[in-house]
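Structure file start-v2.cif; described as mmCIF, C-alpha atoms.
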```cif
data_target
#
loop_
_atom_site.label_atom_id
_atom_site.label_comp_id
_atom_site.auth_asym_id
_atom_site.auth_seq_id
_atom_site.Cartn_x
_atom_site.Cartn_y
_atom_site.Cartn_z
CA MET A 1 0.00 0.00 0.00
CA PRO A 2 2.38 2.73 -1.14
CA VAL A 3 1.59 6.35 -0.36
CA ILE A 4 2.70 9.17 -2.65
CA THR A 5 2.67 12.68 -1.20
CA ILE A 6 3.25 15.76 -3.32
CA ASP A 7 3.94 19.08 -1.60
CA LEU A 8 3.54 22.06 -3.91
CA GLY A 9 1.87 25.44 -4.43
CA THR A 10 -1.87 25.73 -4.88
CA ILE A 11 -3.48 24.17 -7.96
CA GLU A 12 -6.29 26.36 -9.28
CA ASP A 13 -7.59 24.08 -11.99
CA LYS A 14 -9.35 21.22 -10.25
CA GLU A 15 -9.17 18.93 -13.27
CA LYS A 16 -5.42 18.99 -12.93
CA LYS A 17 -5.72 17.31 -9.54
CA GLY A 18 -7.41 14.28 -11.06
CA GLN A 19 -4.79 14.17 -13.79
CA LEU A 20 -2.00 14.45 -11.24
CA VAL A 21 -3.31 11.58 -9.13
CA GLN A 22 -3.74 9.41 -12.19
CA ALA A 23 -0.32 10.23 -13.64
CA LEU A 24 1.60 9.71 -10.39
CA THR A 25 -0.18 6.44 -9.69
CA GLU A 26 0.40 5.05 -13.17
CA ALA A 27 4.04 6.10 -13.14
CA ALA A 28 4.75 4.42 -9.80
CA SER A 29 2.65 1.36 -10.56
CA THR A 30 4.39 0.75 -13.88
CA VAL A 31 7.87 0.92 -12.36
CA THR A 32 7.18 -1.01 -9.15
CA GLN A 33 4.67 -3.47 -10.66
CA ILE A 34 2.47 -2.89 -7.61
CA PRO A 35 -1.18 -2.73 -8.82
CA ALA A 36 -2.49 0.83 -9.24
CA ASP A 37 -5.44 0.20 -6.94
CA LYS A 38 -3.05 -0.19 -3.99
CA PHE A 39 -1.78 3.40 -4.26
CA ILE A 40 -2.85 6.38 -2.21
CA VAL A 41 -1.90 9.92 -3.27
CA PHE A 42 -2.04 13.01 -1.08
CA ILE A 43 -1.87 16.42 -2.76
CA LYS A 44 -0.64 18.91 -0.19
CA GLU A 45 -1.16 22.41 -1.48
CA MET A 46 0.57 25.30 0.23
CA GLU A 47 0.31 29.04 -0.13
CA ARG A 48 3.42 30.70 -1.57
CA GLU A 49 3.94 32.50 1.74
CA ASN A 50 4.49 29.09 3.35
CA ILE A 51 7.17 27.89 0.93
CA GLY A 52 10.80 28.92 1.23
CA VAL A 53 13.37 28.54 -1.52
CA GLY A 54 16.97 29.49 -0.86
CA GLY A 55 16.02 31.23 2.36
CA LYS A 56 13.29 33.42 0.83
CA LEU A 57 9.53 33.07 0.65
CA LEU A 58 8.21 32.04 -2.75
CA SER A 59 5.64 34.84 -2.37
CA ASP A 60 8.50 37.37 -2.27
CA ILE A 61 10.54 35.72 -5.03
CA LEU A 62 7.59 35.69 -7.47
CA LYS A 63 6.32 39.17 -6.57
CA MET B 290 8.79 12.52 22.22
CA PRO B 291 6.93 10.47 19.64
CA VAL B 292 4.85 12.23 17.01
CA ILE B 293 1.73 10.63 15.54
CA THR B 294 0.41 12.12 12.30
CA ILE B 295 -2.91 11.10 10.81
CA ASP B 296 -3.72 12.09 7.23
CA LEU B 297 -7.41 11.75 6.38
CA GLY B 298 -10.49 13.49 4.99
CA THR B 299 -12.09 16.38 6.83
CA ILE B 300 -13.66 15.77 10.24
CA GLU B 301 -16.84 17.79 10.64
CA ASP B 302 -17.60 16.98 14.26
CA LYS B 303 -15.02 18.81 16.34
CA GLU B 304 -15.54 16.61 19.39
CA LYS B 305 -14.25 13.71 17.36
CA LYS B 306 -10.88 15.44 17.08
CA GLY B 307 -10.44 15.43 20.84
CA GLN B 308 -11.48 11.79 20.98
CA LEU B 309 -9.08 10.91 18.18
CA VAL B 310 -6.11 12.59 19.87
CA GLN B 311 -6.92 10.88 23.15
CA ALA B 312 -7.45 7.44 21.59
CA LEU B 313 -4.30 7.49 19.45
CA THR B 314 -2.17 8.72 22.36
CA GLU B 315 -3.50 6.12 24.78
CA ALA B 316 -3.09 3.33 22.22
CA ALA B 317 0.53 4.21 21.48
CA SER B 318 1.42 4.95 25.09
CA THR B 319 0.05 1.62 26.29
CA VAL B 320 2.01 -0.40 23.74
CA THR B 321 5.30 1.51 23.92
CA GLN B 322 5.14 2.30 27.65
CA ILE B 323 6.21 5.86 26.83
CA PRO B 324 4.20 8.26 29.06
CA ALA B 325 1.17 9.79 27.33
CA ASP B 326 2.30 13.32 28.10
CA LYS B 327 5.30 12.86 25.78
CA PHE B 328 3.12 12.36 22.68
CA ILE B 329 2.25 14.90 20.03
CA VAL B 330 -0.55 14.22 17.54
CA PHE B 331 -1.12 16.12 14.29
CA ILE B 332 -4.48 15.73 12.56
CA LYS B 333 -3.98 16.58 8.89
CA GLU B 334 -7.34 16.99 7.22
CA MET B 335 -7.57 17.03 3.47
CA GLU B 336 -10.36 17.76 1.03
CA ARG B 337 -11.53 14.76 -0.98
CA GLU B 338 -10.29 16.44 -4.14
CA ASN B 339 -6.75 16.21 -2.71
CA ILE B 340 -6.83 12.48 -1.97
CA GLY B 341 -6.25 9.85 -4.63
CA VAL B 342 -7.13 6.18 -4.25
CA GLY B 343 -6.24 3.75 -7.01
CA GLY B 344 -5.46 6.61 -9.39
CA LYS B 345 -8.76 8.44 -8.92
CA LEU B 346 -9.76 11.37 -6.73
CA LEU B 347 -11.81 10.45 -3.69
CA SER B 348 -14.16 13.30 -4.66
CA ASP B 349 -14.91 11.49 -7.92
CA ILE B 350 -15.13 8.01 -6.38
CA LEU B 351 -17.66 9.14 -3.75
CA LYS B 352 -19.70 11.32 -6.11
CA MET C 113 -7.88 5.54 3.20
CA PRO C 114 -6.38 7.25 6.23
CA VAL C 115 -2.66 6.99 6.89
CA ILE C 116 -1.23 7.04 10.41
CA THR C 117 2.49 7.73 10.74
CA ILE C 118 4.32 7.40 14.02
CA ASP C 119 7.82 8.85 14.35
CA LEU C 120 9.69 7.55 17.39
CA GLY C 121 12.89 5.90 18.63
CA THR C 122 13.76 2.34 17.70
CA ILE C 123 11.52 -0.48 18.89
CA GLU C 124 13.58 -3.52 19.85
CA ASP C 125 10.76 -5.96 20.54
CA LYS C 126 9.21 -6.81 17.21
CA GLU C 127 5.97 -8.05 18.73
CA LYS C 128 5.35 -4.53 19.93
CA LYS C 129 5.21 -3.35 16.31
CA GLY C 130 2.26 -5.60 15.58
CA GLN C 131 0.56 -4.46 18.76
CA LEU C 132 1.21 -0.82 17.88
CA VAL C 133 -0.28 -1.15 14.40
CA GLN C 134 -3.33 -2.93 15.79
CA ALA C 135 -3.87 -0.46 18.65
CA LEU C 136 -3.49 2.68 16.51
CA THR C 137 -5.78 1.29 13.82
CA GLU C 138 -8.50 0.26 16.27
CA ALA C 139 -8.32 3.58 18.10
CA ALA C 140 -8.69 5.64 14.93
CA SER C 141 -11.29 3.34 13.38
CA THR C 142 -13.48 3.45 16.49
CA VAL C 143 -13.48 7.26 16.67
CA THR C 144 -13.83 7.98 12.96
CA GLN C 145 -16.08 5.01 12.13
CA ILE C 146 -13.95 4.37 9.07
CA PRO C 147 -13.48 0.57 8.71
CA ALA C 148 -10.17 -0.71 10.12
CA ASP C 149 -9.23 -2.37 6.84
CA LYS C 150 -8.94 1.05 5.19
CA PHE C 151 -6.08 2.18 7.46
CA ILE C 152 -2.40 2.19 6.69
CA VAL C 153 0.17 2.65 9.46
CA PHE C 154 3.83 3.55 8.98
CA ILE C 155 6.19 3.05 11.90
CA LYS C 156 9.17 5.34 11.36
CA GLU C 157 11.93 4.41 13.76
CA MET C 158 14.82 6.78 14.29
CA GLU C 159 18.12 6.48 16.13
CA ARG C 160 18.39 8.68 19.22
CA GLU C 161 21.17 10.64 17.51
CA ASN C 162 18.61 11.74 14.91
CA ILE C 163 16.03 13.07 17.38
CA GLY C 164 16.32 16.48 19.01
CA VAL C 165 14.36 17.58 22.04
CA GLY C 166 14.72 21.13 23.33
CA GLY C 167 17.72 21.73 21.10
CA LYS C 168 19.68 18.66 22.25
CA LEU C 169 20.08 15.19 20.79
CA LEU C 170 18.13 12.49 22.60
CA SER C 171 21.34 10.41 22.53
CA ASP C 172 23.03 13.08 24.66
CA ILE C 173 20.06 13.67 26.98
CA LEU C 174 19.73 9.95 27.80
CA LYS C 175 23.48 9.28 28.12
CA MET D 160 10.05 23.51 -6.02
CA PRO D 161 7.61 20.63 -5.53
CA VAL D 162 8.62 17.66 -3.42
CA ILE D 163 7.28 14.16 -4.12
CA THR D 164 7.66 11.59 -1.34
CA ILE D 165 6.87 7.94 -1.86
CA ASP D 166 6.54 5.67 1.18
CA LEU D 167 6.69 1.99 0.30
CA GLY D 168 8.38 -1.35 1.01
CA THR D 169 12.03 -1.94 0.17
CA ILE D 170 13.11 -1.88 -3.48
CA GLU D 171 15.76 -4.51 -4.14
CA ASP D 172 16.57 -3.63 -7.73
CA LYS D 173 18.47 -0.34 -7.65
CA GLU D 174 17.77 0.46 -11.29
CA LYS D 175 14.10 0.67 -10.40
CA LYS D 176 14.86 3.62 -8.13
CA GLY D 177 16.21 5.66 -11.00
CA GLN D 178 13.21 4.70 -13.11
CA LEU D 179 10.84 5.60 -10.29
CA VAL D 180 12.35 9.06 -9.79
CA GLN D 181 12.24 9.72 -13.53
CA ALA D 182 8.67 8.48 -13.97
CA LEU D 183 7.24 10.39 -10.99
CA THR D 184 9.01 13.59 -12.00
CA GLU D 185 7.87 13.40 -15.62
CA ALA D 186 4.31 12.59 -14.61
CA ALA D 187 4.04 15.54 -12.22
CA SER D 188 5.91 17.93 -14.50
CA THR D 189 3.67 17.13 -17.46
CA VAL D 190 0.45 17.74 -15.52
CA THR D 191 1.55 20.82 -13.55
CA GLN D 192 3.74 22.32 -16.30
CA ILE D 193 6.38 23.03 -13.68
CA PRO D 194 9.82 22.25 -15.21
CA ALA D 195 11.17 18.79 -14.30
CA ASP D 196 14.40 20.23 -12.94
CA LYS D 197 12.46 21.90 -10.11
CA PHE D 198 11.29 18.58 -8.65
CA ILE D 199 12.74 16.70 -5.71
CA VAL D 200 11.77 13.08 -5.05
CA PHE D 201 12.33 11.19 -1.81
CA ILE D 202 12.02 7.40 -1.85
CA LYS D 203 11.27 6.27 1.68
CA GLU D 204 11.70 2.52 1.93
CA MET D 205 10.34 0.69 4.92
CA GLU D 206 10.66 -2.88 6.14
CA ARG D 207 7.43 -4.89 6.01
CA GLU D 208 7.46 -5.10 9.80
CA ASN D 209 7.07 -1.31 9.89
CA ILE D 210 4.02 -1.15 7.63
CA GLY D 211 0.51 -1.85 8.86
CA VAL D 212 -2.47 -2.55 6.62
CA GLY D 213 -5.90 -3.04 8.14
CA GLY D 214 -4.41 -3.30 11.62
CA LYS D 215 -1.88 -6.01 10.77
CA LEU D 216 1.80 -5.89 9.89
CA LEU D 217 2.57 -6.43 6.23
CA SER D 218 5.27 -8.89 7.36
CA ASP D 219 2.54 -11.04 8.93
CA ILE D 220 0.05 -10.65 6.06
CA LEU D 221 2.61 -11.75 3.45
CA LYS D 222 4.13 -14.56 5.53
CA MET E 85 18.49 19.57 -1.99
CA PRO E 86 17.51 19.33 1.68
CA VAL E 87 13.93 19.98 2.69
CA ILE E 88 13.04 21.46 6.10
CA THR E 89 9.43 21.09 7.22
CA ILE E 90 8.10 22.83 10.31
CA ASP E 91 4.73 21.77 11.73
CA LEU E 92 3.28 24.27 14.18
CA GLY E 93 0.27 26.41 15.08
CA THR E 94 -0.85 29.26 12.87
CA ILE E 95 1.45 32.27 12.42
CA GLU E 96 -0.55 35.48 12.30
CA ASP E 97 2.26 37.89 11.50
CA LYS E 98 3.24 37.23 7.91
CA GLU E 99 6.65 38.87 8.28
CA LYS E 100 7.56 36.16 10.74
CA LYS E 101 7.21 33.58 7.97
CA GLY E 102 9.93 35.22 5.93
CA GLN E 103 12.14 35.45 9.01
CA LEU E 104 11.48 31.80 9.85
CA VAL E 105 12.43 30.59 6.37
CA GLN E 106 15.57 32.68 6.41
CA ALA E 107 16.62 31.63 9.93
CA LEU E 108 16.03 27.90 9.39
CA THR E 109 17.86 27.95 6.06
CA GLU E 110 20.87 29.83 7.41
CA ALA E 111 21.06 27.60 10.48
CA ALA E 112 21.03 24.39 8.44
CA SER E 113 23.29 25.73 5.71
CA THR E 114 25.92 26.87 8.21
CA VAL E 115 26.08 23.49 9.97
CA THR E 116 25.91 21.26 6.89
CA GLN E 117 27.90 23.54 4.56
CA ILE E 118 25.31 22.90 1.88
CA PRO E 119 24.67 26.20 0.02
CA ALA E 120 21.57 28.06 1.24
CA ASP E 121 20.10 28.23 -2.25
CA LYS E 122 19.68 24.43 -2.25
CA PHE E 123 17.24 24.47 0.68
CA ILE E 124 13.47 24.25 0.54
CA VAL E 125 11.37 25.09 3.60
CA PHE E 126 7.71 24.17 4.10
CA ILE E 127 5.78 25.94 6.86
CA LYS E 128 2.83 23.72 7.78
CA GLU E 129 0.43 25.68 9.93
CA MET E 130 -2.27 23.85 11.84
CA GLU E 131 -5.26 25.00 13.85
CA ARG E 132 -5.00 24.31 17.58
CA GLU E 133 -7.92 21.91 17.28
CA ASN E 134 -5.74 19.72 15.05
CA ILE E 135 -2.79 19.47 17.44
CA GLY E 136 -2.72 17.07 20.36
CA VAL E 137 -0.30 17.29 23.26
CA GLY E 138 -0.33 14.62 25.95
CA GLY E 139 -3.63 13.25 24.65
CA LYS E 140 -5.48 16.58 24.68
CA LEU E 141 -6.21 19.12 21.98
CA LEU E 142 -4.11 22.27 22.17
CA SER E 143 -7.36 24.23 21.70
CA ASP E 144 -8.62 22.76 24.99
CA ILE E 145 -5.34 23.10 26.87
CA LEU E 146 -5.00 26.80 25.99
CA LYS E 147 -8.68 27.65 26.55
CA MET F 83 5.04 21.78 20.46
CA PRO F 84 6.45 22.49 17.01
CA VAL F 85 8.18 19.73 15.08
CA ILE F 86 11.00 20.45 12.63
CA THR F 87 11.87 17.70 10.16
CA ILE F 88 14.90 17.90 7.92
CA ASP F 89 15.19 15.47 5.00
CA LEU F 90 18.69 15.30 3.56
CA GLY F 91 21.59 13.02 2.59
CA THR F 92 23.56 11.11 5.21
CA ILE F 93 25.60 13.06 7.76
CA GLU F 94 28.87 11.28 8.51
CA ASP F 95 30.13 13.52 11.30
CA LYS F 96 27.94 12.83 14.31
CA GLU F 97 28.85 16.08 16.03
CA LYS F 98 27.16 17.90 13.19
CA LYS F 99 23.85 16.32 14.17
CA GLY F 100 23.96 17.91 17.59
CA GLN F 101 24.90 21.24 16.04
CA LEU F 102 22.08 20.94 13.51
CA VAL F 103 19.45 20.23 16.17
CA GLN F 104 20.68 23.14 18.27
CA ALA F 105 20.86 25.58 15.35
CA LEU F 106 17.43 24.74 13.92
CA THR F 107 15.80 24.91 17.36
CA GLU F 108 17.38 28.26 18.23
CA ALA F 109 16.51 29.72 14.84
CA ALA F 110 12.84 28.73 15.08
CA SER F 111 12.53 29.60 18.76
CA THR F 112 13.97 33.08 18.23
CA VAL F 113 11.58 33.91 15.40
CA THR F 114 8.42 32.35 16.83
CA GLN F 115 9.15 33.20 20.49
CA ILE F 116 8.08 29.66 21.42
CA PRO F 117 10.48 28.36 24.12
CA ALA F 118 13.27 26.15 22.75
CA ASP F 119 12.38 23.31 25.10
CA LYS F 120 9.06 22.84 23.27
CA PHE F 121 10.75 21.93 19.96
CA ILE F 122 11.29 18.48 18.53
CA VAL F 123 13.66 17.95 15.61
CA PHE F 124 13.80 14.86 13.40
CA ILE F 125 16.85 14.38 11.18
CA LYS F 126 15.84 12.08 8.34
CA GLU F 127 18.93 10.91 6.51
CA MET F 128 18.58 9.28 3.13
CA GLU F 129 21.02 7.49 0.85
CA ARG F 130 21.78 9.33 -2.38
CA GLU F 131 20.13 6.51 -4.32
CA ASN F 132 16.85 7.45 -2.62
CA ILE F 133 16.92 11.15 -3.52
CA GLY F 134 15.86 12.42 -6.92
CA VAL F 135 16.66 15.87 -8.27
CA GLY F 136 15.30 16.96 -11.64
CA GLY F 137 14.26 13.40 -12.44
CA LYS F 138 17.66 11.81 -11.73
CA LEU F 139 19.06 10.05 -8.70
CA LEU F 140 21.53 12.09 -6.67
CA SER F 141 23.79 9.02 -6.67
CA ASP F 142 23.99 9.26 -10.47
CA ILE F 143 24.33 13.05 -10.59
CA LEU F 144 27.26 13.07 -8.14
CA LYS F 145 29.01 10.01 -9.64
#
```

Could you rewrite the structure in this file as C-alpha cells?
Amino acid sequence: MPVITIDLGTIEDKEKKGQLVQALTEAASTVTQIPADKFIVFIKEMERENIGVGGKLLSDILK
Amino acid sequence: MPVITIDLGTIEDKEKKGQLVQALTEAASTVTQIPADKFIVFIKEMERENIGVGGKLLSDILK
Amino acid sequence: MPVITIDLGTIEDKEKKGQLVQALTEAASTVTQIPADKFIVFIKEMERENIGVGGKLLSDILK
Amino acid sequence: MPVITIDLGTIEDKEKKGQLVQALTEAASTVTQIPADKFIVFIKEMERENIGVGGKLLSDILK
Amino acid sequence: MPVITIDLGTIEDKEKKGQLVQALTEAASTVTQIPADKFIVFIKEMERENIGVGGKLLSDILK
Amino acid sequence: MPVITIDLGTIEDKEKKGQLVQALTEAASTVTQIPADKFIVFIKEMERENIGVGGKLLSDILK
C-alpha cells in the first residue's frame, strides 16, 4: 500500500488534480509493478507564503 | 517525544478530534510504555479532491 | 484511506510493532467510524542521535 | 520547487529507483507544467514489519 | 536539496514567515555547509484543534 | 510543540547532528518566540540513491 505525497503550491484548476493523481499512480505502478489500486496519493497544497526557496519566501521571489 | 500524524479526509464533528487525539495517544502509550504526556498528535485533514485512491480522486469516487 | 504515521525511537521488541499497528488502527477506526481495513500505518523508527528535544540530541540527553 | 515523497516497502533492484524518480518527475511535471528540474523526489523505503495494513503488519500478512 | 518542514500552530504575523524561512535555512546551511540556495522550507500551519499534546487538543489546553 | 523535520543526505560527522538540532531549534525559537524546550527535531537521513533531483538520482548526478 504505497503512499505518494506531493507538496507544492496551490493548484487552481481542479481537473489537474485528477490528472496528477492518475499520472503519479500510473508512473509508480508501472515501475514497481504494484497494482495501481493499492496506491494512495495526497496532494498537499501550500500558499506561496508558506514555501521557502533558498532562504526566501516564494511569495516574495515571485512578486 | 513520539509524534503521531494522521492524514485523512475532513472531520466535521469537532468533538471527534479530541477523541481521536486521546485514543491514538493512549493506544501508542500503552504499547510503547512511553508516558502519554510525551506524545504529540497532528491531525492533517484534506479535502476529498486532494486524496487519490487507485489513481482516482476520492471526490470522484464518492460522487 | 487514512494513513497514520508514528515517528519515534527504535523499537527492539518486534511483537510490539504488531501491537502498535493494531492499537493505533482500532483507536482511529473506532473514533472515525472508518473501517479498520482502510487504514495504513507507517512506523518510522529513528536512532536517538537523529532526534532532538529542546535543542539537544536524545542520545546526549539519555546518556 | 515541488517535493514528491513515496513511502513503500524496500526496493531490491536499484535500477528501479532511478526509473521511479524519472517516472514520478515526468508525470508531475507534465500535468503541472512546472519544469522537471524543479522537482525533488524522496524514496522512503520501509521494512514490512514497519508497515501496517488493516491493523496487521505487512510482514505477517505476506508470511 | 535538503527539505526542512516545520509543523506548528498558525502564524498570524506574515513577516515572521519570511524570518522563519531565512533563519532555518541559514542555520542548516551553516552546519551542513550545503549552500543556502539548495534548501526548501515548508511551513505547515495547523489549527489548535488539530494538534494534540499529551492526549489533549491544544485548543482545549489553551482555553 | 512544534516539530521540525529535515530530509537530507547522510551526515557522517555525528557532532554535526547535535549542532544541527541546536541551530534549527534556536533559529525557530527566536523567530516564533516559542520556548526552545518545546521543539522536537527529526533528522531524516537518506542514501543518495533514494533522492531524486530533476528526475535523476543524486547518486547518479554526483558520480

Exercise. Separation of atom CA of Thr10 of chain A and atom CA of Leu62 of chain A, in Å?
Worked result: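 Calculated distance between atom CA of Thr10 of chain A and atom CA of Leu62 of chain A is 14.0 Å.
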
Pull out every residue that the PyMOL selection byres ((chain A) within 10 of (chain E)) matches in the shown coordinates and put them as a tab-separated table (two decimals) with C-alpha atoms, in the coordinates of the input.
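Once everything was written out, this is result_15.tsv:
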```
chain	number	residue	atom	x	y	z
A	7	ASP	CA	3.94	19.08	-1.60
A	8	LEU	CA	3.54	22.06	-3.91
A	44	LYS	CA	-0.64	18.91	-0.19
A	46	MET	CA	0.57	25.30	0.23
A	47	GLU	CA	0.31	29.04	-0.13
A	48	ARG	CA	3.42	30.70	-1.57
A	49	GLU	CA	3.94	32.50	1.74
A	50	ASN	CA	4.49	29.09	3.35
A	51	ILE	CA	7.17	27.89	0.93
A	52	GLY	CA	10.80	28.92	1.23
A	53	VAL	CA	13.37	28.54	-1.52
A	54	GLY	CA	16.97	29.49	-0.86
A	55	GLY	CA	16.02	31.23	2.36
A	56	LYS	CA	13.29	33.42	0.83
A	57	LEU	CA	9.53	33.07	0.65
A	58	LEU	CA	8.21	32.04	-2.75
A	59	SER	CA	5.64	34.84	-2.37
A	60	ASP	CA	8.50	37.37	-2.27
```

Problem set entry | Computed interatomic separation between atom CA of Ala186 of chain D and atom CA of Lys352 of chain B (Å) |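 So the two atoms, atom CA of Ala186 of chain D and atom CA of Lys352 of chain B, lie 25.5 Å apart.
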
Seminar exercise, completed: Computed gap from atom CA of Ile61 of chain A to atom CA of Glu96 of chain E is 20.6 Å

Fit chain E to chain F, using all C-alpha atoms paired in sequence order for the least-squares superposition, and then show me the result as an mmCIF file with C-alpha atoms, in the coordinates of the input.
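Written out: result_32.cif:
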```cif
data_model
loop_
_atom_site.group_PDB
_atom_site.id
_atom_site.type_symbol
_atom_site.label_atom_id
_atom_site.label_comp_id
_atom_site.auth_asym_id
_atom_site.auth_seq_id
_atom_site.Cartn_x
_atom_site.Cartn_y
_atom_site.Cartn_z
ATOM 1 C CA MET E 85 5.049 21.770 20.474
ATOM 2 C CA PRO E 86 6.450 22.489 17.009
ATOM 3 C CA VAL E 87 8.177 19.729 15.097
ATOM 4 C CA ILE E 88 11.006 20.456 12.631
ATOM 5 C CA THR E 89 11.865 17.692 10.172
ATOM 6 C CA ILE E 90 14.897 17.890 7.911
ATOM 7 C CA ASP E 91 15.200 15.456 4.998
ATOM 8 C CA LEU E 92 18.694 15.284 3.544
ATOM 9 C CA GLY E 93 21.598 13.023 2.592
ATOM 10 C CA THR E 94 23.546 11.117 5.206
ATOM 11 C CA ILE E 95 25.594 13.059 7.773
ATOM 12 C CA GLU E 96 28.855 11.285 8.507
ATOM 13 C CA ASP E 97 30.121 13.518 11.292
ATOM 14 C CA LYS E 98 27.942 12.813 14.298
ATOM 15 C CA GLU E 99 28.839 16.079 16.025
ATOM 16 C CA LYS E 100 27.157 17.909 13.188
ATOM 17 C CA LYS E 101 23.847 16.321 14.176
ATOM 18 C CA GLY E 102 23.964 17.912 17.597
ATOM 19 C CA GLN E 103 24.888 21.252 16.043
ATOM 20 C CA LEU E 104 22.070 20.940 13.509
ATOM 21 C CA VAL E 105 19.444 20.242 16.174
ATOM 22 C CA GLN E 106 20.676 23.132 18.262
ATOM 23 C CA ALA E 107 20.864 25.591 15.344
ATOM 24 C CA LEU E 108 17.428 24.736 13.924
ATOM 25 C CA THR E 109 15.808 24.925 17.356
ATOM 26 C CA GLU E 110 17.382 28.266 18.237
ATOM 27 C CA ALA E 111 16.517 29.727 14.839
ATOM 28 C CA ALA E 112 12.854 28.731 15.081
ATOM 29 C CA SER E 113 12.533 29.600 18.754
ATOM 30 C CA THR E 114 13.964 33.085 18.231
ATOM 31 C CA VAL E 115 11.569 33.919 15.383
ATOM 32 C CA THR E 116 8.417 32.365 16.845
ATOM 33 C CA GLN E 117 9.151 33.189 20.502
ATOM 34 C CA ILE E 118 8.092 29.673 21.405
ATOM 35 C CA PRO E 119 10.478 28.362 24.116
ATOM 36 C CA ALA E 120 13.272 26.154 22.747
ATOM 37 C CA ASP E 121 12.393 23.309 25.094
ATOM 38 C CA LYS E 122 9.067 22.842 23.270
ATOM 39 C CA PHE E 123 10.743 21.931 19.968
ATOM 40 C CA ILE E 124 11.286 18.476 18.537
ATOM 41 C CA VAL E 125 13.660 17.947 15.611
ATOM 42 C CA PHE E 126 13.797 14.854 13.396
ATOM 43 C CA ILE E 127 16.855 14.369 11.186
ATOM 44 C CA LYS E 128 15.835 12.067 8.333
ATOM 45 C CA GLU E 129 18.929 10.896 6.521
ATOM 46 C CA MET E 130 18.587 9.262 3.130
ATOM 47 C CA GLU E 131 21.024 7.481 0.851
ATOM 48 C CA ARG E 132 21.782 9.330 -2.383
ATOM 49 C CA GLU E 133 20.125 6.517 -4.312
ATOM 50 C CA ASN E 134 16.840 7.449 -2.620
ATOM 51 C CA ILE E 135 16.912 11.140 -3.539
ATOM 52 C CA GLY E 136 15.863 12.424 -6.937
ATOM 53 C CA VAL E 137 16.665 15.873 -8.268
ATOM 54 C CA GLY E 138 15.305 16.960 -11.635
ATOM 55 C CA GLY E 139 14.270 13.392 -12.446
ATOM 56 C CA LYS E 140 17.664 11.821 -11.723
ATOM 57 C CA LEU E 141 19.064 10.044 -8.697
ATOM 58 C CA LEU E 142 21.525 12.090 -6.666
ATOM 59 C CA SER E 143 23.791 9.009 -6.674
ATOM 60 C CA ASP E 144 24.000 9.281 -10.476
ATOM 61 C CA ILE E 145 24.337 13.060 -10.596
ATOM 62 C CA LEU E 146 27.253 13.069 -8.130
ATOM 63 C CA LYS E 147 29.008 10.026 -9.627
#
```

Box for segment 146-155 of chain C - axis-aligned, 6 Å on each of the six sides, all listed atoms - centre and size in Å to one decimal, as lines of an AutoDock Vina configuration file.
```
center_x = -3.9
center_y = 1.0
center_z = 8.5
size_x = 32.1
size_y = 18.7
size_z = 18.7
```

Exercise. Do you know which residues are at most 8 Å from Lys16 of chain A counting all atoms listed in the file, after dropping those on the same chain fewer than 5 positions away, and could you put them as JSON, numbers by chain?
Worked result: {"A": [11], "D": [190, 191]}
